[in-house]
Structure formats: C-alpha cells, structure tokens
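Printed here is start30.tsv (TSV, C-alpha atoms):
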```tsv
chain	number	residue	atom	x	y	z
U	1	MET	CA	-258.21	-134.55	69.05
U	2	PRO	CA	-258.27	-135.70	72.55
U	3	MET	CA	-258.63	-133.06	75.05
U	4	LEU	CA	-255.92	-132.66	77.52
U	5	PHE	CA	-256.53	-131.21	80.80
U	6	LEU	CA	-254.35	-128.20	81.20
U	7	PRO	CA	-254.41	-125.77	83.92
U	8	ALA	CA	-256.92	-123.00	83.44
U	9	ASP	CA	-254.22	-120.39	82.94
U	10	THR	CA	-252.57	-122.37	80.28
U	11	SER	CA	-255.84	-122.90	78.56
U	12	LYS	CA	-256.60	-119.19	78.74
U	13	MET	CA	-253.13	-118.37	77.60
U	14	MET	CA	-253.50	-120.73	74.65
U	15	GLN	CA	-256.85	-119.26	73.84
U	16	SER	CA	-255.36	-115.81	74.10
U	17	LYS	CA	-252.44	-116.82	71.81
U	18	LYS	CA	-254.85	-118.45	69.42
U	19	LYS	CA	-256.98	-115.28	69.32
U	20	ARG	CA	-253.81	-113.21	68.89
U	21	LEU	CA	-252.62	-115.49	66.10
U	22	ASP	CA	-256.04	-115.38	64.46
U	23	PHE	CA	-256.05	-111.57	64.81
U	24	LEU	CA	-252.50	-111.20	63.38
U	25	THR	CA	-253.28	-113.66	60.59
U	26	LYS	CA	-256.49	-111.80	59.74
U	27	ASN	CA	-254.68	-108.44	59.86
U	28	TYR	CA	-251.79	-109.82	57.76
U	29	MET	CA	-254.21	-111.36	55.30
U	30	LYS	CA	-256.24	-108.18	55.24
U	31	GLY	CA	-253.07	-106.06	54.69
U	32	SER	CA	-251.77	-108.50	52.08
U	33	GLN	CA	-255.12	-108.55	50.36
U	34	GLN	CA	-255.23	-104.72	50.38
U	35	LYS	CA	-251.67	-104.57	48.99
U	36	LEU	CA	-252.55	-107.14	46.33
U	37	GLU	CA	-255.75	-105.26	45.46
U	38	GLN	CA	-253.81	-101.97	45.35
U	39	LEU	CA	-251.11	-103.58	43.19
U	40	TRP	CA	-253.74	-105.15	40.95
U	41	ASN	CA	-255.61	-101.80	40.73
U	42	ASN	CA	-252.35	-99.98	39.88
U	43	GLN	CA	-251.47	-102.55	37.22
U	44	TYR	CA	-255.02	-102.48	35.88
U	45	SER	CA	-254.94	-98.66	35.79
U	46	GLN	CA	-251.55	-98.66	34.03
U	47	ARG	CA	-252.73	-101.24	31.51
U	48	GLN	CA	-255.92	-99.31	30.93
U	49	LYS	CA	-253.95	-96.07	30.47
U	50	LEU	CA	-251.49	-97.78	28.11
U	51	THR	CA	-254.35	-99.40	26.18
U	52	GLU	CA	-256.12	-96.06	25.97
U	53	GLN	CA	-252.95	-94.32	24.70
U	54	TYR	CA	-252.36	-97.11	22.19
U	55	SER	CA	-256.00	-96.93	21.07
U	56	GLN	CA	-255.73	-93.15	20.63
U	57	GLN	CA	-252.47	-93.50	18.68
U	58	VAL	CA	-253.91	-96.25	16.49
U	59	SER	CA	-257.11	-94.27	16.02
U	60	SER	CA	-255.13	-91.14	15.14
U	61	ALA	CA	-252.90	-93.08	12.72
U	62	ARG	CA	-255.97	-94.74	11.16
U	63	GLN	CA	-257.70	-91.37	10.86
U	64	GLN	CA	-254.61	-89.84	9.20
U	65	TRP	CA	-254.38	-92.81	6.87
U	66	GLU	CA	-258.07	-92.51	5.95
U	67	THR	CA	-257.67	-88.75	5.43
U	68	GLU	CA	-254.61	-89.28	3.23
U	69	ALA	CA	-256.37	-92.08	1.36
U	70	GLN	CA	-259.39	-89.82	0.78
U	71	ARG	CA	-257.12	-86.96	-0.32
U	72	ALA	CA	-255.29	-89.33	-2.71
U	73	GLU	CA	-258.65	-90.53	-4.04
U	74	ASP	CA	-259.82	-86.93	-4.49
U	75	GLN	CA	-256.58	-86.01	-6.26
U	76	GLU	CA	-256.87	-89.07	-8.48
U	77	GLU	CA	-260.42	-88.03	-9.36
U	78	GLN	CA	-259.23	-84.48	-10.08
U	79	LEU	CA	-256.43	-85.83	-12.28
U	80	ASN	CA	-258.90	-88.06	-14.10
U	81	ASN	CA	-261.23	-85.08	-14.61
U	82	MET	CA	-258.33	-82.96	-15.86
U	83	LYS	CA	-257.26	-85.79	-18.18
U	84	ARG	CA	-260.80	-86.09	-19.56
U	85	GLN	CA	-260.99	-82.30	-20.02
U	86	GLN	CA	-257.60	-82.28	-21.72
U	87	GLN	CA	-258.64	-85.11	-24.03
U	88	LYS	CA	-261.85	-83.23	-24.81
U	89	ILE	CA	-259.89	-80.03	-25.53
U	90	PHE	CA	-257.44	-81.94	-27.73
U	91	GLN	CA	-260.35	-83.52	-29.59
U	92	GLN	CA	-261.97	-80.11	-30.06
U	93	LEU	CA	-258.64	-78.66	-31.23
U	94	LYS	CA	-258.21	-81.55	-33.64
U	95	VAL	CA	-261.71	-81.01	-35.05
U	96	ALA	CA	-261.10	-77.24	-35.26
U	97	HIS	CA	-257.72	-77.83	-36.93
U	98	LYS	CA	-259.26	-80.19	-39.49
U	99	GLN	CA	-262.04	-77.68	-40.16
U	100	LYS	CA	-259.54	-74.83	-40.59
U	101	LEU	CA	-257.39	-76.98	-42.86
U	102	LYS	CA	-260.47	-77.87	-44.90
U	103	THR	CA	-261.40	-74.17	-45.07
U	104	VAL	CA	-257.87	-73.24	-46.19
U	105	LYS	CA	-257.97	-75.96	-48.86
U	106	GLU	CA	-261.36	-74.73	-50.05
U	107	LEU	CA	-260.12	-71.13	-50.08
U	108	TYR	CA	-257.03	-72.22	-52.03
U	109	LYS	CA	-259.17	-74.11	-54.58
U	110	GLN	CA	-261.46	-71.08	-54.90
U	111	TYR	CA	-258.42	-68.81	-55.29
U	112	ILE	CA	-256.99	-71.04	-58.04
U	113	LYS	CA	-260.40	-71.17	-59.74
U	114	ASN	CA	-260.76	-67.37	-59.52
U	115	ILE	CA	-257.20	-66.87	-60.85
U	116	GLU	CA	-257.93	-69.21	-63.79
U	117	GLU	CA	-261.23	-67.42	-64.50
U	118	MET	CA	-259.49	-64.06	-64.25
U	119	ASP	CA	-256.71	-65.28	-66.58
U	120	ARG	CA	-259.35	-66.42	-69.10
U	121	SER	CA	-261.24	-63.16	-68.68
U	122	HIS	CA	-258.05	-61.13	-69.11
U	123	GLU	CA	-257.07	-63.24	-72.13
U	124	THR	CA	-260.50	-62.68	-73.67
U	125	PHE	CA	-260.31	-58.97	-72.82
U	126	LEU	CA	-256.79	-58.69	-74.25
U	127	GLN	CA	-257.83	-60.53	-77.42
U	128	GLY	CA	-260.84	-58.22	-77.75
U	129	ALA	CA	-258.69	-55.18	-77.00
U	130	GLN	CA	-256.08	-56.38	-79.49
U	131	GLN	CA	-258.77	-56.85	-82.17
U	132	GLU	CA	-260.17	-53.43	-81.39
U	133	LEU	CA	-256.68	-51.94	-81.45
U	134	LYS	CA	-256.03	-53.58	-84.85
U	135	LYS	CA	-259.32	-52.12	-86.13
U	136	ASP	CA	-258.43	-48.71	-84.67
U	137	MET	CA	-254.92	-48.95	-86.18
U	138	ALA	CA	-256.34	-49.90	-89.54
U	139	SER	CA	-258.86	-47.07	-89.31
U	140	LEU	CA	-256.16	-44.65	-88.21
U	141	GLN	CA	-253.88	-45.86	-91.00
U	142	LYS	CA	-256.70	-45.27	-93.49
U	143	LYS	CA	-257.28	-41.79	-92.09
U	144	ILE	CA	-253.58	-41.00	-92.16
U	145	LEU	CA	-253.31	-42.28	-95.74
U	146	ALA	CA	-256.42	-40.36	-96.66
U	147	ASP	CA	-255.01	-37.20	-95.01
U	148	MET	CA	-251.70	-37.74	-96.72
U	149	LYS	CA	-253.45	-38.20	-100.04
U	150	GLN	CA	-255.47	-35.08	-99.43
U	151	GLN	CA	-252.38	-33.13	-98.43
U	152	GLU	CA	-250.50	-34.52	-101.41
U	153	MET	CA	-253.40	-33.69	-103.64
U	154	ALA	CA	-253.65	-30.25	-102.11
U	155	GLY	CA	-249.89	-29.86	-102.58
U	156	VAL	CA	-250.15	-31.12	-106.19
U	157	ARG	CA	-253.09	-28.75	-106.78
U	158	GLU	CA	-251.22	-25.86	-105.40
U	159	SER	CA	-248.20	-26.77	-107.47
U	160	LEU	CA	-250.35	-27.13	-110.55
U	161	GLN	CA	-252.20	-23.93	-109.84
U	162	SER	CA	-248.98	-22.11	-109.24
U	163	MET	CA	-247.60	-23.52	-112.46
U	164	LEU	CA	-250.67	-22.76	-114.38
U	165	PHE	CA	-251.36	-19.33	-113.19
```
What does this structure look like when you write it as structure tokens?
Amino acid sequence: MPMLFLPADTSKMMQSKKKRLDFLTKNYMKGSQQKLEQLWNNQYSQRQKLTEQYSQQVSSARQQWETEAQRAEDQEEQLNNMKRQQQKIFQQLKVAHKQKLKTVKELYKQYIKNIEEMDRSHETFLQGAQQELKKDMASLQKKILADMKQQEMAGVRESLQSMLF
C-alpha cells in the first residue's frame, strides 16, 4: 500500500481510530468469546447433568432388574427344591403304602391260615368230643340199664319175697 502523506492530525486521528477499533474489536471478541464459553459451559453442564441423571436412572433400573432376576432365580430354585422334596415324599409314601399293603396282605393270608387251622382243630376236637360223648352215652346207657335191671331185680325179689313169705 502506498503511503499517502496526510496531515499529522489526520494520521494521529486515524491511528487513534484504528487503536479504538482494535480495542472495541478485542473487547467485542473477548465478550463474545466469554459469552460463547459461558454458553458452552452451561450446555456442557446441562448435558453432563442430564447424562448423569440418565446414567443413574439406567443404573437404578438395571439394578432393580438384576435384583428381580436374582429373586426370580432364587424362587425358581426354591420351587425346584420343593418339587424335589415333594417327589421324594411321594416316593416315600408310595413305598410306605406298598409296604403297608404287603403287610395287610400277609396279615390276611396269616389270618386265613389261622382260621383254617382253627377250623381243622375245632373239627378234630369236635370229632374227638363227639366220640367221647358217644362212649360216655354208651357207658351211661349201660349203667342206666344195669341200674334198671338191678332195680327191677330188686323189685322182683321184693315181690317174690313178699309172695313167698
């Protein structure tokens, strides 16, 4: 740029305006930069706060989900344990029922066997008692006949003695 010769005042005035313009531009730029930095800091702070809240909510939701999943897993394990215990109890009851049924069958067979033996024993006893009763009846009949004969003989003797004497 070629240099023009201007009066000294004009040159000073231009220098003064240039300094003023530089000063205002620097101040404006500085103010704008501060406003932009403040705006950026505010936005950054808001984003950070929002991200933090979101992270806490997600973390809380994840923690609840994990807790519920663990609780469901624990309950499933408890149900499985209860199912196994119930199956074990049913198996034990089945075995006990079979054993009791077997015992009842054995007791019934023994009862029938004892009844049959008792029937045979009673039959044998009754036959023996009947034979003994027949013997006793025959013996008694003989005694009665003998007594009757004796009484008849005694009666005939008395009659004969009374007729003879």
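Distance-wise, atom CA of Leu140 of chain U and atom CA of Leu160 of chain U end up 29.0 Å apart.
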Could you work out an axis-aligned bounding box for all listed atoms of segment 36-47 of chain U, with 8 Å added on each of the six sides, and give its centre and edge lengths in Å to one decimal, as lines of an AutoDock Vina configuration file?
```
center_x = -253.4
center_y = -102.9
center_z = 38.9
size_x = 20.6
size_y = 24.5
size_z = 30.8
```
Notebook entry, point to check: At what distance in Å, to one decimal, does atom CA of Glu106 of chain U lie from atom CA of Gln91 of chain U?
Noted result: 22.3 Å
My structure is short of atoms at segment 135-146 of chain U; please model all heavy atoms there, returning them as a short mmCIF file (atom, residue, chain, number, x, y, z; two decimals), keeping the file's coordinate frame.
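Result written to out-v7.cif:
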```cif
data_model
loop_
_atom_site.label_atom_id
_atom_site.label_comp_id
_atom_site.auth_asym_id
_atom_site.auth_seq_id
_atom_site.Cartn_x
_atom_site.Cartn_y
_atom_site.Cartn_z
N LYS U 135 -258.31 -52.86 -85.35
CA LYS U 135 -259.32 -52.12 -86.13
C LYS U 135 -259.01 -50.62 -86.09
O LYS U 135 -259.07 -49.94 -87.10
CB LYS U 135 -260.72 -52.38 -85.57
CG LYS U 135 -261.29 -53.71 -85.93
CD LYS U 135 -262.68 -53.83 -85.30
CE LYS U 135 -263.23 -55.23 -85.45
NZ LYS U 135 -264.53 -55.38 -84.79
N ASP U 136 -258.73 -50.14 -84.83
CA ASP U 136 -258.43 -48.71 -84.67
C ASP U 136 -257.17 -48.34 -85.47
O ASP U 136 -257.11 -47.27 -86.09
CB ASP U 136 -258.24 -48.36 -83.21
CG ASP U 136 -259.55 -48.34 -82.43
OD1 ASP U 136 -260.62 -48.39 -83.08
OD2 ASP U 136 -259.49 -48.32 -81.16
N MET U 137 -256.16 -49.21 -85.46
CA MET U 137 -254.92 -48.95 -86.18
C MET U 137 -255.19 -48.90 -87.69
O MET U 137 -254.68 -48.03 -88.40
CB MET U 137 -253.87 -50.02 -85.88
CG MET U 137 -253.34 -50.00 -84.48
SD MET U 137 -252.18 -48.69 -84.22
CE MET U 137 -250.71 -49.43 -84.85
N ALA U 138 -256.00 -49.87 -88.11
CA ALA U 138 -256.34 -49.90 -89.54
C ALA U 138 -257.11 -48.65 -89.92
O ALA U 138 -256.85 -48.01 -90.96
CB ALA U 138 -257.13 -51.16 -89.87
N SER U 139 -258.06 -48.26 -89.06
CA SER U 139 -258.86 -47.07 -89.31
C SER U 139 -257.98 -45.84 -89.30
O SER U 139 -258.10 -44.96 -90.17
CB SER U 139 -259.95 -46.97 -88.26
OG SER U 139 -260.67 -45.78 -88.37
N LEU U 140 -257.07 -45.79 -88.32
CA LEU U 140 -256.16 -44.65 -88.21
C LEU U 140 -255.23 -44.61 -89.43
O LEU U 140 -254.96 -43.53 -89.97
CB LEU U 140 -255.35 -44.74 -86.91
CG LEU U 140 -254.42 -43.59 -86.60
CD1 LEU U 140 -255.21 -42.27 -86.47
CD2 LEU U 140 -253.64 -43.85 -85.33
N GLN U 141 -254.77 -45.79 -89.84
CA GLN U 141 -253.88 -45.86 -91.00
C GLN U 141 -254.62 -45.35 -92.24
O GLN U 141 -254.05 -44.60 -93.05
CB GLN U 141 -253.41 -47.31 -91.20
CG GLN U 141 -252.28 -47.45 -92.16
CD GLN U 141 -251.79 -48.90 -92.22
OE1 GLN U 141 -252.45 -49.83 -91.74
NE2 GLN U 141 -250.63 -49.09 -92.82
N LYS U 142 -255.89 -45.75 -92.36
CA LYS U 142 -256.70 -45.27 -93.49
C LYS U 142 -256.85 -43.76 -93.44
O LYS U 142 -256.74 -43.08 -94.46
CB LYS U 142 -258.07 -45.95 -93.49
CG LYS U 142 -258.05 -47.36 -93.98
CD LYS U 142 -259.48 -47.92 -93.95
CE LYS U 142 -259.47 -49.40 -94.32
NZ LYS U 142 -260.80 -49.98 -94.26
N LYS U 143 -257.11 -43.25 -92.25
CA LYS U 143 -257.28 -41.79 -92.09
C LYS U 143 -255.99 -41.07 -92.43
O LYS U 143 -256.00 -40.05 -93.12
CB LYS U 143 -257.70 -41.44 -90.66
CG LYS U 143 -259.14 -41.59 -90.40
CD LYS U 143 -259.43 -41.07 -88.99
CE LYS U 143 -260.88 -41.26 -88.66
NZ LYS U 143 -261.20 -40.77 -87.32
N ILE U 144 -254.88 -41.64 -91.91
CA ILE U 144 -253.58 -41.00 -92.16
C ILE U 144 -253.28 -41.02 -93.67
O ILE U 144 -252.85 -40.03 -94.25
CB ILE U 144 -252.45 -41.68 -91.35
CG1 ILE U 144 -252.62 -41.36 -89.90
CG2 ILE U 144 -251.08 -41.26 -91.84
CD1 ILE U 144 -251.64 -42.07 -88.97
N LEU U 145 -253.54 -42.18 -94.30
CA LEU U 145 -253.31 -42.28 -95.74
C LEU U 145 -254.23 -41.33 -96.48
O LEU U 145 -253.82 -40.66 -97.46
CB LEU U 145 -253.52 -43.72 -96.22
CG LEU U 145 -252.40 -44.70 -95.89
CD1 LEU U 145 -252.82 -46.12 -96.31
CD2 LEU U 145 -251.11 -44.34 -96.59
N ALA U 146 -255.46 -41.27 -96.01
CA ALA U 146 -256.42 -40.36 -96.66
C ALA U 146 -255.96 -38.93 -96.49
O ALA U 146 -256.01 -38.12 -97.43
CB ALA U 146 -257.82 -40.57 -96.10
#
```
